[in-house]
file entry.txt (compact mmCIF, C-alpha atoms and all ligand atoms)
# COMPACT_ATOMS: atom_id res chain seq x y z
CA MET A 1 87.12 84.72 116.52
CA ASP A 2 88.05 88.30 117.17
CA ARG A 3 86.59 91.08 115.01
CA ARG A 4 88.78 93.85 116.43
CA PRO A 5 91.08 95.54 113.88
CA ILE A 6 94.83 95.11 113.54
CA GLY A 7 96.75 98.37 114.08
CA VAL A 8 99.79 99.11 111.93
CA PHE A 9 102.13 102.09 112.06
CA ASP A 10 105.18 103.59 110.41
CA SER A 11 106.71 107.02 109.92
CA GLY A 12 105.07 107.32 106.50
CA LEU A 13 104.44 105.21 103.41
CA GLY A 14 106.84 102.38 104.23
CA GLY A 15 104.49 100.41 106.45
CA LEU A 16 102.22 99.93 103.45
CA THR A 17 104.61 97.14 102.44
CA ALA A 18 103.29 95.30 105.50
CA VAL A 19 99.69 96.38 104.87
CA ARG A 20 99.75 94.99 101.34
CA GLU A 21 100.84 91.58 102.59
CA LEU A 22 98.50 91.64 105.62
CA ALA A 23 95.58 92.35 103.28
CA ARG A 24 96.64 89.57 100.90
CA LEU A 25 97.04 87.00 103.67
CA MET A 26 94.04 88.04 105.78
CA PRO A 27 91.55 89.79 103.47
CA GLU A 28 88.80 89.53 106.08
CA GLU A 29 90.66 91.57 108.71
CA ASP A 30 89.99 95.24 109.42
CA LEU A 31 93.23 97.26 109.35
CA VAL A 32 93.90 100.68 110.85
CA TYR A 33 97.10 102.30 109.59
CA PHE A 34 98.90 105.30 110.96
CA GLY A 35 101.68 106.99 108.94
CA ASP A 36 103.45 109.76 110.82
CA THR A 37 103.95 111.81 107.66
CA GLY A 38 104.27 115.06 109.59
CA ARG A 39 107.42 113.78 111.32
CA VAL A 40 108.96 111.47 108.71
CA PRO A 41 111.82 110.48 108.53
CA TYR A 42 112.33 108.75 111.86
CA GLY A 43 115.64 107.19 110.87
CA GLY A 44 117.98 110.01 111.92
CA ARG A 45 116.36 110.63 115.31
CA SER A 46 117.61 109.83 118.79
CA ARG A 47 116.39 106.88 120.84
CA ASP A 48 114.47 109.11 123.30
CA ILE A 49 112.52 110.86 120.55
CA LEU A 50 111.82 107.57 118.79
CA ILE A 51 110.40 106.07 121.97
CA LYS A 52 108.22 109.13 122.48
CA TYR A 53 106.88 108.92 118.90
CA ALA A 54 106.39 105.16 119.15
CA ARG A 55 104.33 105.60 122.34
CA GLN A 56 102.16 108.26 120.70
CA ASP A 57 101.65 106.17 117.56
CA THR A 58 100.67 103.20 119.71
CA ALA A 59 98.34 105.29 121.89
CA PHE A 60 96.56 106.58 118.76
CA LEU A 61 96.08 103.05 117.40
CA ARG A 62 94.92 101.81 120.78
CA SER A 63 92.01 104.24 120.56
CA PHE A 64 90.57 101.76 118.00
CA ASP A 65 90.77 98.86 120.48
CA PRO A 66 92.99 96.73 118.21
CA LYS A 67 93.68 93.06 118.91
CA ALA A 68 97.36 93.49 117.95
CA ILE A 69 99.74 96.16 116.71
CA VAL A 70 102.30 95.75 113.95
CA ILE A 71 105.30 98.06 114.15
CA ALA A 72 105.77 98.26 110.37
CA CYS A 73 108.91 100.31 110.84
CA GLY A 74 112.46 99.03 111.11
CA THR A 75 113.57 102.09 113.04
CA VAL A 76 110.96 101.71 115.77
CA SER A 77 111.28 97.91 115.81
CA THR A 78 115.03 98.13 116.42
CA THR A 79 114.67 100.86 119.04
CA ALA A 80 111.41 100.54 120.95
CA LEU A 81 109.91 97.05 120.49
CA ASP A 82 110.75 95.95 124.03
CA VAL A 83 109.37 99.19 125.51
CA LEU A 84 106.08 98.87 123.64
CA GLN A 85 105.75 95.17 124.49
CA ARG A 86 106.30 95.90 128.19
CA GLU A 87 103.74 98.69 128.22
CA ASN A 88 100.93 97.05 126.28
CA ASP A 89 98.72 94.09 127.08
CA ILE A 90 98.07 93.12 123.46
CA PRO A 91 100.54 91.46 121.06
CA ILE A 92 103.00 93.91 119.52
CA PHE A 93 104.92 92.60 116.50
CA GLY A 94 108.14 94.08 115.10
CA VAL A 95 109.97 93.46 111.83
CA VAL A 96 113.43 92.37 113.01
CA GLU A 97 112.93 88.75 114.00
CA PRO A 98 110.74 87.74 111.03
CA ALA A 99 113.26 89.30 108.62
CA VAL A 100 116.34 87.82 110.23
CA ARG A 101 114.78 84.34 110.31
CA ALA A 102 114.00 84.63 106.61
CA ALA A 103 117.54 85.81 105.84
CA ALA A 104 119.11 83.01 107.88
CA LEU A 105 117.10 80.50 105.86
CA ALA A 106 117.82 82.14 102.52
CA SER A 107 121.59 82.63 102.73
CA GLN A 108 123.66 79.81 101.31
CA ASN A 109 127.07 81.50 101.24
CA HIS A 110 126.75 83.00 104.76
CA ARG A 111 127.26 86.54 103.45
CA VAL A 112 124.32 88.75 104.26
CA GLY A 113 123.84 92.40 103.37
CA LEU A 114 121.80 94.73 105.56
CA ILE A 115 120.50 98.17 104.69
CA GLY A 116 118.40 100.36 106.96
CA THR A 117 118.07 103.78 108.49
CA ARG A 118 120.88 105.26 110.59
CA ALA A 119 119.00 104.46 113.81
CA SER A 120 118.39 100.83 112.78
CA ILE A 121 121.99 100.19 111.74
CA ARG A 122 123.31 101.96 114.86
CA SER A 123 121.12 99.77 117.10
CA GLY A 124 122.87 96.57 115.94
CA ALA A 125 119.57 94.72 116.43
CA TYR A 126 119.57 92.84 113.12
CA GLU A 127 123.22 91.78 113.46
CA ARG A 128 122.80 90.56 117.05
CA LEU A 129 119.92 88.30 116.13
CA LEU A 130 121.58 87.08 112.95
CA ALA A 131 124.67 86.12 114.96
CA ARG A 132 122.40 83.93 117.11
CA LEU A 133 120.33 82.40 114.31
CA HIS A 134 123.04 82.03 111.69
CA PRO A 135 126.35 81.86 113.58
CA GLY A 136 129.34 82.68 111.41
CA ALA A 137 127.35 84.78 108.96
CA GLU A 138 129.33 87.74 107.70
CA VAL A 139 127.20 90.88 107.65
CA THR A 140 127.87 93.93 105.50
CA ALA A 141 125.66 96.74 106.79
CA ARG A 142 125.00 100.21 105.43
CA ALA A 143 122.70 103.05 106.40
CA CYS A 144 120.87 104.53 103.40
CA PRO A 145 119.30 107.76 104.68
CA LEU A 146 118.35 109.13 101.25
CA PHE A 147 116.10 106.20 100.38
CA VAL A 148 113.23 107.28 102.66
CA PRO A 149 112.83 110.81 101.24
CA LEU A 150 113.04 109.35 97.73
CA VAL A 151 110.16 106.99 98.49
CA GLU A 152 108.07 109.63 100.28
CA ASN A 153 108.42 111.79 97.17
CA GLY A 154 107.35 109.02 94.83
CA ARG A 155 110.85 108.63 93.33
CA PHE A 156 111.04 104.85 93.49
CA LEU A 157 110.26 103.59 90.01
CA PRO A 158 112.79 101.90 87.74
CA GLY A 159 114.29 104.37 85.31
CA ASP A 160 114.33 107.14 87.93
CA ILE A 161 117.85 108.43 87.46
CA VAL A 162 118.13 109.89 90.96
CA ALA A 163 116.95 106.69 92.66
CA GLU A 164 119.28 104.58 90.50
CA THR A 165 122.30 106.80 91.19
CA VAL A 166 121.71 106.84 94.95
CA ALA A 167 121.13 103.07 94.99
CA ALA A 168 124.36 102.41 93.10
CA GLU A 169 126.37 104.45 95.57
CA TYR A 170 124.85 102.81 98.65
CA LEU A 171 124.88 99.27 97.33
CA ALA A 172 128.34 99.11 95.71
CA PRO A 173 130.19 97.93 98.88
CA ILE A 174 127.46 95.41 99.64
CA GLN A 175 127.63 93.96 96.17
CA ALA A 176 131.43 93.90 96.38
CA ALA A 177 131.17 91.82 99.58
CA GLY A 178 129.53 89.04 97.55
CA VAL A 179 126.32 88.74 99.58
CA ASP A 180 123.65 86.32 98.37
CA THR A 181 120.94 87.79 100.62
CA LEU A 182 120.09 91.41 101.33
CA ILE A 183 117.83 92.45 104.19
CA LEU A 184 115.85 95.55 103.21
CA GLY A 185 115.80 96.56 106.88
CA CYS A 186 113.51 99.55 106.48
CA THR A 187 109.91 99.12 105.38
CA HIS A 188 110.24 101.95 102.87
CA TYR A 189 112.91 100.12 100.88
CA PRO A 190 110.75 97.40 99.26
CA LEU A 191 109.10 100.17 97.24
CA LEU A 192 112.56 100.53 95.67
CA LYS A 193 112.82 96.77 95.12
CA PRO A 194 112.91 96.97 91.31
CA VAL A 195 115.76 99.51 91.49
CA ILE A 196 117.65 97.64 94.22
CA GLY A 197 117.04 94.26 92.57
CA ALA A 198 118.28 95.48 89.21
CA TYR A 199 121.52 96.70 90.78
CA MET A 200 122.15 93.64 92.97
CA GLY A 201 121.28 91.14 90.24
CA PRO A 202 119.18 87.98 90.21
CA GLY A 203 121.55 85.98 92.44
CA VAL A 204 120.72 88.06 95.51
CA THR A 205 117.57 87.33 97.54
CA LEU A 206 115.93 90.51 98.80
CA ILE A 207 114.23 90.20 102.20
CA ASP A 208 111.21 92.49 102.50
CA VAL A 209 110.86 93.18 106.22
CA GLY A 210 107.27 94.45 105.95
CA ALA A 211 106.06 91.36 104.10
CA GLN A 212 107.94 89.01 106.44
CA CYS A 213 106.42 90.73 109.45
CA ALA A 214 102.94 90.41 107.93
CA ARG A 215 103.42 86.64 107.53
CA TRP A 216 104.69 86.38 111.09
CA THR A 217 101.66 88.33 112.33
CA ALA A 218 99.18 86.15 110.43
CA GLU A 219 100.73 82.97 111.84
CA ARG A 220 100.68 84.26 115.39
CA LEU A 221 97.12 85.55 115.23
CA ASP A 222 96.08 82.17 113.85
CA ARG A 223 97.79 80.30 116.64
CA ALA A 224 96.32 82.58 119.29
CA GLY A 225 92.79 82.16 117.87
CA LEU A 226 92.60 85.89 117.18
CA ARG A 227 91.61 85.82 113.49
CA ALA A 228 88.36 87.53 112.49
CA GLY A 229 87.04 84.51 110.59
CA GLY A 230 84.36 84.65 107.91
CA THR A 231 84.76 85.47 104.26
CA GLY A 232 83.98 89.19 104.18
CA THR A 233 86.40 91.88 103.09
CA GLY A 234 87.90 93.90 105.89
CA ARG A 235 87.88 97.68 106.01
CA HIS A 236 91.23 99.46 105.58
CA ARG A 237 91.45 102.88 107.22
CA PHE A 238 94.47 105.18 106.98
CA TYR A 239 95.48 108.08 109.19
CA VAL A 240 98.36 110.49 108.66
CA SER A 241 99.78 113.42 110.61
CA ASP A 242 100.19 115.71 107.57
CA SER A 243 97.93 116.45 104.62
CA THR A 244 96.20 113.49 103.06
CA GLU A 245 96.54 114.15 99.31
CA ASP A 246 100.06 112.96 98.56
CA PHE A 247 99.75 109.98 100.87
CA ALA A 248 96.41 108.96 99.32
CA ALA A 249 97.79 109.21 95.78
CA LEU A 250 100.96 107.20 96.45
CA ALA A 251 99.19 104.67 98.69
CA SER A 252 96.54 104.04 96.04
CA VAL A 253 99.26 103.32 93.46
CA PHE A 254 101.22 101.05 95.76
CA LEU A 255 98.24 99.14 97.22
CA ARG A 256 96.44 99.02 93.88
CA GLU A 257 93.20 100.15 95.53
CA ASP A 258 91.68 103.61 95.76
CA VAL A 259 92.16 104.56 99.39
CA GLY A 260 91.35 108.25 98.91
CA SER A 261 88.09 108.27 100.87
CA GLU A 262 89.64 106.29 103.74
CA VAL A 263 92.55 108.64 104.51
CA GLU A 264 92.21 111.18 107.33
CA GLN A 265 94.57 113.61 109.00
CA ILE A 266 94.94 113.58 112.79
CA ASP A 267 96.97 115.50 115.37
CA ILE A 268 99.33 112.86 116.78
CA THR A 269 100.59 115.20 119.50
CA GLU A 270 97.21 114.82 121.23
CA TYR A 271 98.16 111.24 122.00
CA GLU A 272 100.68 111.54 124.73
CA GLY A 273 101.40 107.85 124.79
CA ALA A 274 100.40 107.29 128.37
CA ALA A 275 101.63 103.78 128.94
CA ARG A 276 99.00 101.20 129.82
CA PRO A 277 99.63 99.14 132.90
CA ALA A 278 102.29 96.54 132.22
CA GLY A 279 100.81 93.46 130.64
CA ALA A 280 102.10 90.48 128.79
CA GLY A 281 103.18 91.96 125.45
CA GLN A 282 104.17 89.27 123.00
CA GLY A 283 106.23 89.27 119.88
N1 LIG B 1 110.01 102.91 107.38
C1 LIG B 1 110.76 103.12 108.57
C2 LIG B 1 111.77 102.06 108.82
O1 LIG B 1 111.43 100.94 108.52
C3 LIG B 1 111.17 104.52 108.90
C4 LIG B 1 112.00 105.24 107.92
C5 LIG B 1 112.22 106.65 108.37
O2 LIG B 1 111.26 107.32 108.71
O3 LIG B 1 113.39 107.07 108.41
O4 LIG B 1 112.83 102.26 109.36

call {"tool": "encode", "arguments": {"input": "entry.txt", "output": "structure tokens", "more": "lines below"}}
Ligand code: DGL
result
Amino acid sequence: MDRRPIGVFDSGLGGLTAVRELARLMPEEDLVYFGDTGRVPYGGRSRDILIKYARQDTAFLRSFDPKAIVIACGTVSTTALDVLQRENDIPIFGVVEPAVRAAALASQNHRVGLIGTRASIRSGAYERLLARLHPGAEVTARACPLFVPLVENGRFLPGDIVAETVAAEYLAPIQAAGVDTLILGCTHYPLLKPVIGAYMGPGVTLIDVGAQCARWTAERLDRAGLRAGGTGTGRHRFYVSDSTEDFAALASVFLREDVGSEVEQIDITEYEGAARPAGAGQG
């Protein structure tokens, strides 16, 4: 039994797709979430900047003495997972492997679509792993940089003409490739699932990387004997690097719980991401 919280971070709202599933699977666990809303989006940034941000986000969460950290961000998972695992002596989980394993299982026609931020697509991380786990799979990948600002501005509901127009433009070549599985390779994208699903049609399985990563995390914490145990309800705390109001409003809608009193603003630049001595990070 381990009562320490689980730390989760993303550039903004997207990581809530992991939080929602973590809370469903492990209601007794305390969760501490950091959304770097002052610096979102991450997806167009260089590797060096992403590693710097990832170290700061991790250093902030480590101030809560977490038993594990979930990188609920495709961009950071594809760019800095190995760095964070090397530098931290607690388990650090990313979204790529859980998502790719789910896609490899789901695809029957060996045609897989992949959408993500520019940094995630540029990294090639999803494709490399898919080539290992599902040899011969044909991947059609596309960066969708406008999806993140749409989500951060609450423009993700079906019927939103802007979201639907942008989705149609991004997804047309993926649909034309005849994929039967689409990896939503950025944790913001599942908020657009109704819009994306309506365009792709019922024959395409959508892989939610945040939810897959949450399942992966729950299984690994179980196996390592790190679950909190008991039947209580865990506390969910949220921290952001910009003002709290918009985040609290959108998070409350998405999580279907009023998180208003649990959202606080912090200065992430105070956490310089001093690496801890190398330990056995796991993933
Ligand atoms: N939600 C993140 C991801 O999964 C970051 C998106 C962004 O900030 O560009 O990639």

call {"tool": "residues_near_ligand", "arguments": {"input": "entry.txt", "ligand": "ligand LIG 1 (chain B)", "cutoff": "10 Å", "atoms": "only C-alpha atoms and all ligand atoms", "output": "number ranges by chain"}}
result
A: 9-17, 35-37, 39-45, 71-79, 95-96, 115-121, 144-149, 151-152, 184-190, 209-210

call {"tool": "atom_distance", "arguments": {"input": "entry.txt", "atom1": "atom CA of Arg20 of chain A", "atom2": "atom CA of Val204 of chain A"}}
result
22.8 Å

call {"tool": "atom_distance", "arguments": {"input": "entry.txt", "atom1": "atom CA of Glu28 of chain A", "atom2": "atom CA of Pro98 of chain A"}}
result
22.6 Å

call {"tool": "closest_residue", "arguments": {"input": "entry.txt", "among": "A:Arg55, A:Arg237, A:Arg132, A:Arg142", "to": "Leu171 of chain A", "atoms": "only C-alpha atoms"}}
result
A:Arg142

call {"tool": "closest_residue", "arguments": {"input": "entry.txt", "among": "A:Asp30, A:Gly230, A:Cys213, A:Val179", "to": "Ala99 of chain A", "atoms": "only C-alpha atoms"}}
result
A:Cys213

call {"tool": "atom_distance", "arguments": {"input": "entry.txt", "atom1": "atom CA of Pro173 of chain A", "atom2": "atom CA of Gly203 of chain A"}}
result
16.1 Å

call {"tool": "axis_aligned_box", "arguments": {"input": "entry.txt", "around": "segment 13-30 of chain A", "padding_each_side": "4 Å", "output": "lines of an AutoDock Vina configuration file"}}
result
center_x = 97.8
center_y = 96.1
center_z = 105.2
size_x = 26.0
size_y = 26.2
size_z = 16.5

call {"tool": "closest_residue", "arguments": {"input": "entry.txt", "among": "A:Arg215, A:Arg155, A:Lys52, A:His110", "to": "Pro135 of chain A", "atoms": "only C-alpha atoms"}}
result
A:His110

call {"tool": "residues_around", "arguments": {"input": "entry.txt", "residues": "Ala104 of chain A", "least_positions_apart": "5", "cutoff": "9 Å", "atoms": "all atoms listed in the file", "output": "PyMOL selection string"}}
result
chain A and resi 99+110+112+130+133-134+137+181

call {"tool": "residues_near_point", "arguments": {"input": "entry.txt", "point": "(87.3, 89.1, 113.0)", "cutoff": "9 Å", "atoms": "all atoms listed in the file", "output": "PyMOL selection string"}}
result
chain A and resi 1-5+28-30+226-230+234

call {"tool": "closest_residue", "arguments": {"input": "entry.txt", "among": "A:Ala102, A:Val162, A:Ile268, A:Val195", "to": "Ala59 of chain A", "atoms": "all atoms listed in the file"}}
result
A:Ile268

call {"tool": "closest_residue", "arguments": {"input": "entry.txt", "among": "A:Thr217, A:Ile49, A:Asp65, A:Gly154", "to": "Ser252 of chain A", "atoms": "all atoms listed in the file"}}
result
A:Gly154

call {"tool": "closest_residue", "arguments": {"input": "entry.txt", "among": "A:Glu21, A:Asp222, A:Glu138, A:Glu272", "to": "Phe60 of chain A", "atoms": "only C-alpha atoms"}}
result
A:Glu272

call {"tool": "build_atoms", "arguments": {"input": "entry.txt", "residues": "segment 65-85 of chain A", "atoms": "N, CA, C and O atoms", "output": "PDB file, in the coordinates of the input"}}
result
ATOM      1  N   ASP A  65      90.873 100.159 119.808  1.00  0.00           N
ATOM      2  CA  ASP A  65      90.770  98.860 120.480  1.00  0.00           C
ATOM      3  C   ASP A  65      91.259  97.706 119.578  1.00  0.00           C
ATOM      4  O   ASP A  65      90.516  96.759 119.323  1.00  0.00           O
ATOM      5  N   PRO A  66      92.497  97.791 119.115  1.00  0.00           N
ATOM      6  CA  PRO A  66      92.990  96.730 118.210  1.00  0.00           C
ATOM      7  C   PRO A  66      93.320  95.448 118.984  1.00  0.00           C
ATOM      8  O   PRO A  66      93.570  95.491 120.187  1.00  0.00           O
ATOM      9  N   LYS A  67      93.321  94.326 118.247  1.00  0.00           N
ATOM     10  CA  LYS A  67      93.680  93.060 118.910  1.00  0.00           C
ATOM     11  C   LYS A  67      95.191  92.844 118.887  1.00  0.00           C
ATOM     12  O   LYS A  67      95.708  92.012 119.626  1.00  0.00           O
ATOM     13  N   ALA A  68      95.897  93.587 118.037  1.00  0.00           N
ATOM     14  CA  ALA A  68      97.360  93.490 117.950  1.00  0.00           C
ATOM     15  C   ALA A  68      97.858  94.726 117.216  1.00  0.00           C
ATOM     16  O   ALA A  68      97.102  95.367 116.486  1.00  0.00           O
ATOM     17  N   ILE A  69      99.131  95.039 117.437  1.00  0.00           N
ATOM     18  CA  ILE A  69      99.740  96.160 116.710  1.00  0.00           C
ATOM     19  C   ILE A  69     100.999  95.687 116.007  1.00  0.00           C
ATOM     20  O   ILE A  69     101.823  94.966 116.594  1.00  0.00           O
ATOM     21  N   VAL A  70     101.112  96.065 114.740  1.00  0.00           N
ATOM     22  CA  VAL A  70     102.300  95.750 113.950  1.00  0.00           C
ATOM     23  C   VAL A  70     103.136  97.010 113.830  1.00  0.00           C
ATOM     24  O   VAL A  70     102.666  98.035 113.325  1.00  0.00           O
ATOM     25  N   ILE A  71     104.372  96.932 114.314  1.00  0.00           N
ATOM     26  CA  ILE A  71     105.300  98.060 114.150  1.00  0.00           C
ATOM     27  C   ILE A  71     105.919  97.868 112.766  1.00  0.00           C
ATOM     28  O   ILE A  71     106.924  97.176 112.611  1.00  0.00           O
ATOM     29  N   ALA A  72     105.294  98.467 111.747  1.00  0.00           N
ATOM     30  CA  ALA A  72     105.770  98.260 110.370  1.00  0.00           C
ATOM     31  C   ALA A  72     106.862  99.259 110.058  1.00  0.00           C
ATOM     32  O   ALA A  72     106.815  99.967 109.048  1.00  0.00           O
ATOM     33  N   CYS A  73     107.835  99.320 110.930  1.00  0.00           N
ATOM     34  CA  CYS A  73     108.910 100.310 110.840  1.00  0.00           C
ATOM     35  C   CYS A  73     110.163  99.686 111.432  1.00  0.00           C
ATOM     36  O   CYS A  73     110.159  99.291 112.610  1.00  0.00           O
ATOM     37  N   GLY A  74     111.212  99.600 110.620  1.00  0.00           N
ATOM     38  CA  GLY A  74     112.460  99.030 111.110  1.00  0.00           C
ATOM     39  C   GLY A  74     113.050  99.866 112.233  1.00  0.00           C
ATOM     40  O   GLY A  74     113.553  99.350 113.231  1.00  0.00           O
ATOM     41  N   THR A  75     112.969 101.173 112.067  1.00  0.00           N
ATOM     42  CA  THR A  75     113.570 102.090 113.040  1.00  0.00           C
ATOM     43  C   THR A  75     112.952 101.910 114.417  1.00  0.00           C
ATOM     44  O   THR A  75     113.657 101.797 115.423  1.00  0.00           O
ATOM     45  N   VAL A  76     111.620 101.877 114.471  1.00  0.00           N
ATOM     46  CA  VAL A  76     110.960 101.710 115.770  1.00  0.00           C
ATOM     47  C   VAL A  76     111.140 100.285 116.281  1.00  0.00           C
ATOM     48  O   VAL A  76     111.356 100.065 117.480  1.00  0.00           O
ATOM     49  N   SER A  77     111.108  99.309 115.377  1.00  0.00           N
ATOM     50  CA  SER A  77     111.280  97.910 115.810  1.00  0.00           C
ATOM     51  C   SER A  77     112.651  97.696 116.445  1.00  0.00           C
ATOM     52  O   SER A  77     112.781  96.943 117.408  1.00  0.00           O
ATOM     53  N   THR A  78     113.687  98.337 115.888  1.00  0.00           N
ATOM     54  CA  THR A  78     115.030  98.130 116.420  1.00  0.00           C
ATOM     55  C   THR A  78     115.268  98.933 117.695  1.00  0.00           C
ATOM     56  O   THR A  78     116.212  98.673 118.424  1.00  0.00           O
ATOM     57  N   THR A  79     114.418  99.915 117.951  1.00  0.00           N
ATOM     58  CA  THR A  79     114.670 100.860 119.040  1.00  0.00           C
ATOM     59  C   THR A  79     113.690 100.717 120.204  1.00  0.00           C
ATOM     60  O   THR A  79     114.077 100.895 121.358  1.00  0.00           O
ATOM     61  N   ALA A  80     112.428 100.413 119.899  1.00  0.00           N
ATOM     62  CA  ALA A  80     111.410 100.540 120.950  1.00  0.00           C
ATOM     63  C   ALA A  80     110.491  99.326 121.087  1.00  0.00           C
ATOM     64  O   ALA A  80     109.511  99.393 121.836  1.00  0.00           O
ATOM     65  N   LEU A  81     110.808  98.222 120.401  1.00  0.00           N
ATOM     66  CA  LEU A  81     109.910  97.050 120.490  1.00  0.00           C
ATOM     67  C   LEU A  81     109.738  96.598 121.930  1.00  0.00           C
ATOM     68  O   LEU A  81     108.614  96.384 122.391  1.00  0.00           O
ATOM     69  N   ASP A  82     110.855  96.471 122.655  1.00  0.00           N
ATOM     70  CA  ASP A  82     110.750  95.950 124.030  1.00  0.00           C
ATOM     71  C   ASP A  82     109.952  96.905 124.921  1.00  0.00           C
ATOM     72  O   ASP A  82     109.152  96.478 125.747  1.00  0.00           O
ATOM     73  N   VAL A  83     110.117  98.204 124.713  1.00  0.00           N
ATOM     74  CA  VAL A  83     109.370  99.190 125.510  1.00  0.00           C
ATOM     75  C   VAL A  83     107.873  99.028 125.257  1.00  0.00           C
ATOM     76  O   VAL A  83     107.057  98.941 126.186  1.00  0.00           O
ATOM     77  N   LEU A  84     107.504  98.964 123.979  1.00  0.00           N
ATOM     78  CA  LEU A  84     106.080  98.870 123.640  1.00  0.00           C
ATOM     79  C   LEU A  84     105.497  97.543 124.124  1.00  0.00           C
ATOM     80  O   LEU A  84     104.349  97.485 124.575  1.00  0.00           O
ATOM     81  N   GLN A  85     106.265  96.470 124.026  1.00  0.00           N
ATOM     82  CA  GLN A  85     105.750  95.170 124.490  1.00  0.00           C
ATOM     83  C   GLN A  85     105.529  95.180 125.996  1.00  0.00           C
ATOM     84  O   GLN A  85     104.547  94.642 126.486  1.00  0.00           O
TER      85      GLN A  85
END
